[in-house]
file upload-v1.txt (compact mmCIF, C-alpha atoms)
# COMPACT_ATOMS: atom_id res chain seq x y z
CA MET A 877 23.95 13.28 12.71
CA LYS A 878 21.36 10.55 12.17
CA SER A 879 17.67 11.34 11.70
CA ASN A 880 15.12 9.74 14.02
CA LEU A 881 12.93 6.86 12.85
CA ALA A 882 9.69 5.88 14.57
CA ILE A 883 7.22 3.08 13.81
CA LEU A 884 3.45 3.19 14.18
CA SER A 885 2.83 -0.54 14.11
CA SER A 886 4.97 -2.22 16.76
CA ASP A 887 5.12 -5.59 15.05
CA GLN A 888 7.58 -8.07 13.61
CA LYS A 889 6.98 -6.90 10.04
CA SER A 890 8.28 -3.42 10.90
CA ILE A 891 11.38 -4.77 12.63
CA ASP A 892 12.08 -7.21 9.79
CA PHE A 893 11.86 -4.37 7.28
CA ILE A 894 14.27 -2.21 9.28
CA LYS A 895 16.76 -5.06 9.60
CA LYS A 896 16.45 -6.27 6.00
CA ASN A 897 17.14 -2.79 4.65
CA LYS A 898 19.66 -1.88 7.38
CA LEU A 899 17.88 1.36 8.21
CA PHE A 900 19.59 1.38 11.60
CA ASN A 901 22.81 2.32 9.77
CA THR A 902 21.41 5.68 8.72
CA LEU A 903 18.53 6.28 11.16
CA ASN A 904 18.19 6.19 14.94
CA LEU A 905 15.58 3.76 16.30
CA TYR A 906 13.86 6.57 18.15
CA ALA A 907 10.30 5.55 19.11
CA ASN A 908 7.59 2.94 18.65
CA SER A 909 3.88 3.02 19.41
CA SER A 910 0.91 0.80 20.08
CA ARG A 911 -2.67 1.18 21.28
CA ASN A 912 -1.56 -0.92 24.25
CA THR A 913 0.97 0.96 26.40
CA GLU A 914 2.36 -2.18 28.03
CA ALA A 915 2.88 -3.82 24.64
CA ALA A 916 4.61 -0.67 23.36
CA HIS A 917 6.90 -0.65 26.41
CA ALA A 918 7.84 -4.31 25.97
CA PHE A 919 8.50 -3.80 22.26
CA CYS A 920 10.63 -0.76 22.99
CA LYS A 921 12.86 -2.72 25.38
CA SER A 922 13.11 -5.76 23.11
CA HIS A 923 14.22 -3.78 20.06
CA ASN A 924 16.19 -0.97 21.68
CA PHE A 925 14.05 2.03 20.81
CA TYR A 926 14.72 5.23 22.74
CA LYS A 927 11.09 5.76 23.80
CA TYR A 928 7.58 4.42 23.31
CA TYR A 929 4.00 5.69 23.12
CA GLY A 930 0.62 4.14 23.88
CA SER A 931 -0.95 6.32 21.19
CA TYR A 932 -0.20 6.80 17.49
CA GLU A 933 -1.16 10.46 17.74
CA ASP A 934 1.23 11.17 20.62
CA LEU A 935 4.11 9.70 18.63
CA ILE A 936 3.26 11.79 15.56
CA TYR A 937 3.22 14.99 17.62
CA ASP A 938 6.73 14.29 18.94
CA LYS A 939 8.82 17.04 17.31
CA GLU A 940 11.95 14.86 17.33
CA VAL A 941 10.50 12.33 14.84
CA ASP A 942 11.89 12.72 11.30
CA PHE A 943 10.69 9.51 9.62
CA ILE A 944 7.79 7.17 10.37
CA LEU A 945 7.39 3.60 9.16
CA ASN A 946 3.65 3.00 8.74
CA PHE A 947 2.56 -0.61 8.25
CA LEU A 948 -0.86 -0.14 9.85
CA PRO A 949 -3.86 -2.04 8.39
CA SER A 950 -5.17 -0.49 5.18
CA GLY A 951 -8.42 0.60 6.82
CA ILE A 952 -6.68 3.12 9.09
CA LYS A 953 -3.35 3.63 7.34
CA PHE A 954 -4.17 6.72 5.27
CA GLU A 955 -5.43 8.90 8.11
CA TYR A 956 -2.06 8.52 9.84
CA ILE A 957 -0.14 9.07 6.60
CA TYR A 958 -2.06 12.32 6.23
CA LEU A 959 -1.42 13.35 9.83
CA CYS A 960 2.30 12.59 9.55
CA LEU A 961 2.78 14.54 6.33
CA LYS A 962 0.85 17.49 7.73
CA ASN A 963 3.30 17.48 10.64
CA ASN A 964 6.29 17.52 8.27
CA ILE A 965 7.26 13.92 8.97
CA LYS A 966 8.49 11.74 6.12
CA VAL A 967 6.62 8.46 5.76
CA ILE A 968 7.67 5.02 4.53
CA THR A 969 4.70 2.75 3.84
CA ASP A 970 3.41 -0.20 1.81
CA TYR A 971 0.54 -0.63 -0.62
CA PRO A 972 -2.35 0.17 -0.51
CA ILE A 973 -2.32 3.83 0.54
CA ILE A 974 -5.98 4.56 -0.14
CA SER A 975 -8.68 2.29 1.30
CA CYS A 976 -11.94 4.15 0.61
CA SER A 977 -13.36 6.86 -1.61
CA ASN A 978 -13.32 9.35 1.29
CA ASP A 979 -9.51 9.30 1.12
CA LEU A 980 -9.40 10.60 -2.45
CA GLU A 981 -9.98 14.26 -1.69
CA HIS A 982 -7.35 14.32 1.05
CA PHE A 983 -4.89 12.38 -1.11
CA ASN A 984 -5.32 14.95 -3.87
CA GLU A 985 -4.69 17.69 -1.31
CA LEU A 986 -1.34 16.09 -0.47
CA VAL A 987 -0.45 15.95 -4.16
CA GLU A 988 -1.32 19.59 -4.81
CA SER A 989 0.57 20.78 -1.73
CA LYS A 990 3.58 18.62 -2.72
CA LEU A 991 3.57 17.01 0.73
CA ILE A 992 3.21 13.76 -1.20
CA ASN A 993 6.93 14.09 -1.98
CA ASN A 994 7.57 13.10 1.64
CA LEU A 995 5.76 9.79 1.17
CA PHE A 996 7.77 6.75 0.09
CA LEU A 997 5.96 3.65 -1.16
CA ILE A 998 7.95 0.44 -0.95
CA ASN A 999 7.78 -1.95 -3.91
CA GLU A 1000 8.08 -5.60 -2.92
CA ILE A 1001 6.18 -7.20 -5.81
CA ASN A 1002 7.83 -5.60 -8.87
CA LEU A 1003 4.66 -3.70 -9.71
CA LYS A 1004 6.16 -2.27 -12.94
CA LYS A 1005 6.50 -5.69 -14.57
CA LEU A 1006 2.90 -5.99 -15.83
CA TYR A 1007 3.05 -2.58 -17.52
CA GLU A 1008 6.40 -3.39 -19.13
CA GLU A 1009 4.95 -6.63 -20.52
CA SER A 1010 1.92 -4.78 -21.89
CA THR A 1011 3.91 -2.46 -24.14
CA ASN A 1012 4.35 -5.10 -26.84
CA GLN A 1013 1.03 -6.94 -26.51
CA ASN A 1014 -2.53 -6.45 -27.72
CA ALA A 1015 -4.20 -8.50 -24.99
CA ILE A 1016 -3.43 -9.49 -21.41
CA THR A 1017 -5.26 -11.92 -19.16
CA TYR A 1018 -4.97 -10.93 -15.50
CA VAL A 1019 -6.26 -13.68 -13.17
CA LYS A 1020 -5.66 -13.86 -9.45
CA ASN A 1021 -7.18 -16.20 -6.91
CA PHE A 1022 -6.57 -15.18 -3.31
CA GLN A 1023 -7.11 -17.80 -0.66
CA TYR A 1024 -8.02 -17.27 2.98
CA SER A 1025 -9.00 -19.50 5.84
CA ASN A 1026 -12.57 -19.65 7.11
CA ASP A 1027 -11.44 -17.42 9.98
CA PHE A 1028 -11.43 -14.48 7.57
CA LYS A 1029 -14.96 -14.95 6.21
CA ASN A 1030 -17.02 -11.78 6.69
CA SER A 1031 -14.21 -10.31 8.77
CA LEU A 1032 -13.61 -6.56 8.82
CA ASP A 1033 -10.00 -7.44 7.96
CA THR A 1034 -10.97 -9.14 4.69
CA LYS A 1035 -9.06 -7.55 1.83
CA ASP A 1036 -10.67 -6.09 -1.24
CA VAL A 1037 -9.30 -8.13 -4.17
CA LEU A 1038 -9.16 -5.11 -6.46
CA PHE A 1039 -8.16 -2.11 -4.38
CA ASP A 1040 -5.97 -3.90 -1.83
CA LEU A 1041 -4.22 -6.59 -3.81
CA CYS A 1042 -3.61 -5.45 -7.40
CA PRO A 1043 -0.96 -2.71 -7.33
CA ASP A 1044 0.61 -3.93 -10.58
CA LEU A 1045 -2.73 -3.55 -12.34
CA PHE A 1046 -3.17 -0.06 -10.90
CA TYR A 1047 0.31 0.89 -12.01
CA LEU A 1048 -0.44 -0.28 -15.56
CA ILE A 1049 -3.62 1.82 -15.69
CA TYR A 1050 -1.78 4.82 -14.30
CA LYS A 1051 0.88 4.60 -17.01
CA TYR A 1052 -1.87 4.67 -19.66
CA ARG A 1053 -3.85 7.46 -17.95
CA TYR A 1054 -3.57 9.82 -20.92
CA GLN A 1055 -5.03 7.21 -23.27
CA LYS A 1056 -8.71 6.44 -23.81
CA ILE A 1057 -9.62 3.90 -21.10
CA SER A 1058 -12.93 2.04 -20.94
CA ILE A 1059 -13.85 -0.41 -18.19
CA HIS A 1060 -16.59 -2.94 -18.90
CA VAL A 1061 -17.77 -4.74 -15.76
CA LYS A 1062 -18.91 -8.30 -16.49
CA ASP A 1063 -19.62 -9.51 -12.97
CA LYS A 1064 -18.89 -8.54 -9.37
CA SER A 1065 -19.65 -9.60 -5.82
CA ILE A 1066 -19.39 -7.25 -2.85
CA ASP A 1067 -19.33 -8.39 0.78
CA LYS A 1068 -22.50 -7.16 2.52
CA ILE A 1069 -20.69 -6.49 5.79
CA THR A 1070 -17.39 -4.97 4.67
CA ASN A 1071 -18.62 -3.51 1.34
CA LYS A 1072 -15.42 -4.87 -0.21
CA ILE A 1073 -15.11 -6.70 -3.51
CA ASN A 1074 -14.53 -10.43 -3.21
CA PHE A 1075 -15.19 -11.33 -6.86
CA PHE A 1076 -14.62 -9.13 -9.89
CA LYS A 1077 -14.64 -9.77 -13.63
CA CYS A 1078 -14.14 -7.05 -16.21
CA GLU A 1079 -12.39 -5.99 -19.39
CA ILE A 1080 -10.34 -2.83 -19.80
CA ASP A 1081 -9.87 -1.39 -23.27
CA ILE A 1082 -6.97 1.06 -23.61
CA ASN A 1083 -6.94 3.29 -26.66
CA GLU A 1084 -8.45 0.43 -28.71
CA GLN A 1085 -4.98 -1.10 -28.88
CA LEU A 1086 -4.74 -3.08 -25.65
CA THR A 1087 -7.35 -5.19 -23.86
CA VAL A 1088 -6.86 -6.40 -20.29
CA LYS A 1089 -9.20 -9.24 -19.28
CA ILE A 1090 -9.46 -9.38 -15.49
CA MET A 1091 -10.83 -11.98 -13.10
CA LEU A 1092 -10.23 -11.72 -9.36
CA LYS A 1093 -11.75 -13.75 -6.58
CA ILE A 1094 -11.34 -14.78 -2.98
CA ASN A 1095 -11.75 -18.42 -2.02
CA ILE A 1096 -12.62 -18.99 1.63
CA LEU A 1097 -10.72 -22.15 2.52
CA ASN A 1098 -9.87 -24.41 5.42
CA THR A 1099 -6.18 -23.93 6.26
CA ASP A 1100 -5.92 -27.51 7.54
CA LEU A 1101 -6.71 -28.85 4.07
CA THR A 1102 -5.26 -26.24 1.75
CA ILE A 1103 -1.78 -25.14 0.77
CA LYS A 1104 -1.73 -21.42 0.05
CA SER A 1105 -1.32 -20.40 -3.57
CA LYS A 1106 1.61 -18.42 -4.90
CA ASP A 1107 -0.57 -15.29 -5.20
CA ALA A 1108 -1.51 -15.53 -1.54
CA LEU A 1109 2.14 -15.21 -0.58
CA ILE A 1110 2.75 -11.77 -2.06
CA GLU A 1111 3.37 -10.15 1.32
CA SER A 1112 6.22 -12.53 2.16
CA ASN A 1113 8.34 -11.45 -0.83
CA LYS A 1114 11.82 -10.56 0.43
CA THR A 1115 12.96 -8.41 -2.48
CA LEU A 1116 12.71 -4.64 -2.36
CA TYR A 1117 12.69 -3.48 -5.97
CA ASN A 1118 13.19 0.20 -5.12
CA SER A 1119 15.85 -0.23 -2.44
CA GLU A 1120 18.13 2.38 -4.04
CA ASP A 1121 15.28 4.87 -3.97
CA LEU A 1122 14.67 4.09 -0.31
CA ASN A 1123 18.31 4.77 0.45
CA SER A 1124 18.08 8.12 -1.35
CA PHE A 1125 14.89 8.94 0.52
CA VAL A 1126 16.23 8.31 4.03
CA ASN A 1127 19.45 10.14 3.25
CA SER A 1128 17.57 13.08 1.70
CA LYS A 1129 20.03 13.34 -1.16
CA ASN A 1130 18.49 12.49 -4.50
CA SER A 1131 15.01 12.62 -5.92
CA PHE A 1132 13.24 9.35 -6.68
CA GLU A 1133 10.25 8.17 -8.71
CA ASN A 1134 7.36 8.66 -6.35
CA LEU A 1135 5.32 5.50 -6.86
CA SER A 1136 2.63 6.73 -4.46
CA PHE A 1137 1.19 8.88 -7.25
CA PHE A 1138 -0.02 5.87 -9.21
CA THR A 1139 -2.67 5.00 -6.62
CA TYR A 1140 -4.93 7.98 -7.15
CA TYR A 1141 -6.03 7.84 -10.79
CA PRO A 1142 -7.01 4.15 -11.13
CA TYR A 1143 -8.68 4.10 -7.72
CA LYS A 1144 -10.83 7.07 -8.69
CA LEU A 1145 -11.58 5.48 -12.06
CA PHE A 1146 -12.76 2.19 -10.56
CA GLN A 1147 -14.82 3.98 -7.91
CA GLU A 1148 -16.70 5.80 -10.65
CA VAL A 1149 -17.30 2.61 -12.62
CA LEU A 1150 -18.27 0.35 -9.72
CA TYR A 1151 -20.37 2.69 -7.61
CA GLU A 1152 -21.87 5.15 -10.11

call {"tool": "encode", "arguments": {"input": "upload-v1.txt", "output": "structure tokens"}}
result
Amino acid sequence: MKSNLAILSSDQKSIDFIKKNKLFNTLNLYANSSRNTEAAHAFCKSHNFYKYYGSYEDLIYDKEVDFILNFLPSGIKFEYIYLCLKNNIKVITDYPIISCSNDLEHFNELVESKLINNLFLINEINLKKLYEESTNQNAITYVKNFQYSNDFKNSLDTKDVLFDLCPDLFYLIYKYRYQKISIHVKDKSIDKITNKINFFKCEIDINEQLTVKIMLKINILNTDLTIKSKDALIESNKTLYNSEDLNSFVNSKNSFENLSFFTYYPYKLFQEVLYE
């Protein structure tokens, strides 16, 4: 008997993910939700879900839901991850999991209670690659330049270049968490409205054997004149590097490497350095 899959964000990204990974072969398309009831109804009919909800909370409290796909915006994603796990629902989500320092305590609660084992983090950017490259080097230069149109300037949707868009860097730091790590901030710029980082320059020394030189920035650009850079296209990557783990997760057969753990330590570390 198939388990029931529901989605919180009734959007094309969720449907594309389900189709790309053929989740309909092992899971029933049970329910979808939206803040707009009419939109949820239309989405339900278009994609053959069994039922729909005009509230994320109502969907989560449906006792027939076994798995939830959560691609909500990072600003509200974690609170629904937490609510799902507390209601014994398994969650499939994308990076980032944590979006603010207030999430840290609750994230740690999930780890200690082992509810975190019901959270699956998809890996579409090969986040292990940077760490693997670092194991035989003494220095790494990590430079990323994220480009957005003028429509995003001072928007509440503007992404934080460090916490939202550098999972490979966070994974590297997590893997070295038992080493001596020192972060030396050289320069930073924080948006006055969103309180998010839009420029960041620092050096990370790891056990006096590896130095990571980091420069991240957002360029606010006119989309009519600019072709997006390769780094700006991360979200469109079609490869799922932990697809076998996803299959194990939805079939509840084998254990898998829980990548969601790697978020906590580096996020906490940077919070202490940046906002002490």

call {"tool": "residues_around", "arguments": {"input": "upload-v1.txt", "residues": "segment 971-986 of chain A", "least_positions_apart": "4", "cutoff": "8 Å", "atoms": "only C-alpha atoms", "output": "compact mmCIF listing (two decimals) with C-alpha atoms, keeping the file's coordinate frame"}}
result
# COMPACT_ATOMS: atom_id res chain seq x y z
CA SER A 950 -5.17 -0.49 5.18
CA GLY A 951 -8.42 0.60 6.82
CA LYS A 953 -3.35 3.63 7.34
CA PHE A 954 -4.17 6.72 5.27
CA TYR A 958 -2.06 12.32 6.23
CA LYS A 990 3.58 18.62 -2.72
CA LEU A 991 3.57 17.01 0.73
CA ILE A 992 3.21 13.76 -1.20
CA LEU A 997 5.96 3.65 -1.16
CA ILE A 998 7.95 0.44 -0.95
CA PHE A 1039 -8.16 -2.11 -4.38
CA ASP A 1040 -5.97 -3.90 -1.83
CA LEU A 1041 -4.22 -6.59 -3.81
CA PRO A 1043 -0.96 -2.71 -7.33
CA SER A 1136 2.63 6.73 -4.46
CA THR A 1139 -2.67 5.00 -6.62
CA TYR A 1140 -4.93 7.98 -7.15
CA LYS A 1144 -10.83 7.07 -8.69
CA GLN A 1147 -14.82 3.98 -7.91

call {"tool": "atom_distance", "arguments": {"input": "upload-v1.txt", "atom1": "atom CA of Tyr1007 of chain A", "atom2": "atom CA of Asn1083 of chain A"}}
result
14.8 Å

call {"tool": "residues_around", "arguments": {"input": "upload-v1.txt", "residues": "Gly930 of chain A", "least_positions_apart": "5", "cutoff": "12 Å", "atoms": "all atoms listed in the file", "output": "PyMOL selection string"}}
result
chain A and resi 884-886+907-920+935-936

call {"tool": "atom_distance", "arguments": {"input": "upload-v1.txt", "atom1": "atom CA of Ile968 of chain A", "atom2": "atom CA of Phe1137 of chain A"}}
result
14.0 Å

call {"tool": "atom_distance", "arguments": {"input": "upload-v1.txt", "atom1": "atom CA of Thr1087 of chain A", "atom2": "atom CA of Glu1009 of chain A"}}
result
12.8 Å

call {"tool": "closest_residue", "arguments": {"input": "upload-v1.txt", "among": "A:Lys1004, A:Ala882, A:Lys895, A:Ser989", "to": "Ile944 of chain A", "atoms": "all atoms listed in the file"}}
result
A:Ala882

call {"tool": "closest_residue", "arguments": {"input": "upload-v1.txt", "among": "A:Cys1078, A:Phe947, A:Ile1057, A:Tyr956", "to": "Tyr932 of chain A", "atoms": "all atoms listed in the file"}}
result
A:Tyr956

call {"tool": "residues_around", "arguments": {"input": "upload-v1.txt", "residues": "Pro1142 of chain A", "least_positions_apart": "4", "cutoff": "8 Å", "atoms": "all atoms listed in the file", "output": "ChimeraX atom specification"}}
result
/A:1046,1049-1050,1138,1146

call {"tool": "write_last_selection", "arguments": {"input": "upload-v1.txt", "atoms": "C-alpha atoms", "output": "mmCIF file, in the frame of the given file"}}
result
data_model
loop_
_atom_site.group_PDB
_atom_site.id
_atom_site.type_symbol
_atom_site.label_atom_id
_atom_site.label_comp_id
_atom_site.auth_asym_id
_atom_site.auth_seq_id
_atom_site.Cartn_x
_atom_site.Cartn_y
_atom_site.Cartn_z
ATOM 1 C CA PHE A 1046 -3.170 -0.060 -10.900
ATOM 2 C CA ILE A 1049 -3.620 1.820 -15.690
ATOM 3 C CA TYR A 1050 -1.780 4.820 -14.300
ATOM 4 C CA PHE A 1138 -0.020 5.870 -9.210
ATOM 5 C CA PHE A 1146 -12.760 2.190 -10.560
#

call {"tool": "residues_around", "arguments": {"input": "upload-v1.txt", "residues": "Ser1010 of chain A", "least_positions_apart": "4", "cutoff": "12 Å", "atoms": "all atoms listed in the file", "output": "list in words"}}
result
Lys1004, Lys1005, Leu1006, Asn1014, Ala1015, Ile1016, Thr1017, Tyr1018, Asp1044, Leu1045, Tyr1047, Leu1048, Ile1049, Lys1051, Tyr1052, Ile1082, Gln1085, Leu1086, Thr1087 and Val1088 of chain A

call {"tool": "closest_residue", "arguments": {"input": "upload-v1.txt", "among": "A:Leu1003, A:Ile1069, A:Ile957, A:Val1037", "to": "Tyr1117 of chain A", "atoms": "only C-alpha atoms"}}
result
A:Leu1003

call {"tool": "closest_residue", "arguments": {"input": "upload-v1.txt", "among": "A:Phe893, A:Tyr1141, A:Phe1075, A:Phe900", "to": "Glu1000 of chain A", "atoms": "all atoms listed in the file"}}
result
A:Phe893

call {"tool": "axis_aligned_box", "arguments": {"input": "upload-v1.txt", "around": "segment 891-897 of chain A", "padding_each_side": "8 Å", "output": "lines of an AutoDock Vina configuration file"}}
result
center_x = 14.3
center_y = -4.7
center_z = 8.6
size_x = 21.8
size_y = 21.0
size_z = 24.0

call {"tool": "closest_residue", "arguments": {"input": "upload-v1.txt", "among": "A:Thr969, A:Asn904, A:Ser1065, A:Ser879", "to": "Phe925 of chain A", "atoms": "all atoms listed in the file"}}
result
A:Asn904

call {"tool": "residues_near_point", "arguments": {"input": "upload-v1.txt", "point": "(20.9, 9.2, 4.4)", "cutoff": "12 Å", "atoms": "only C-alpha atoms", "output": "PyMOL selection string"}}
result
chain A and resi 877-881+898-904+942-943+1120-1130

call {"tool": "closest_residue", "arguments": {"input": "upload-v1.txt", "among": "A:Leu1092, A:Cys960, A:Ser1058, A:Ile1066", "to": "Ile1080 of chain A", "atoms": "only C-alpha atoms"}}
result
A:Ser1058
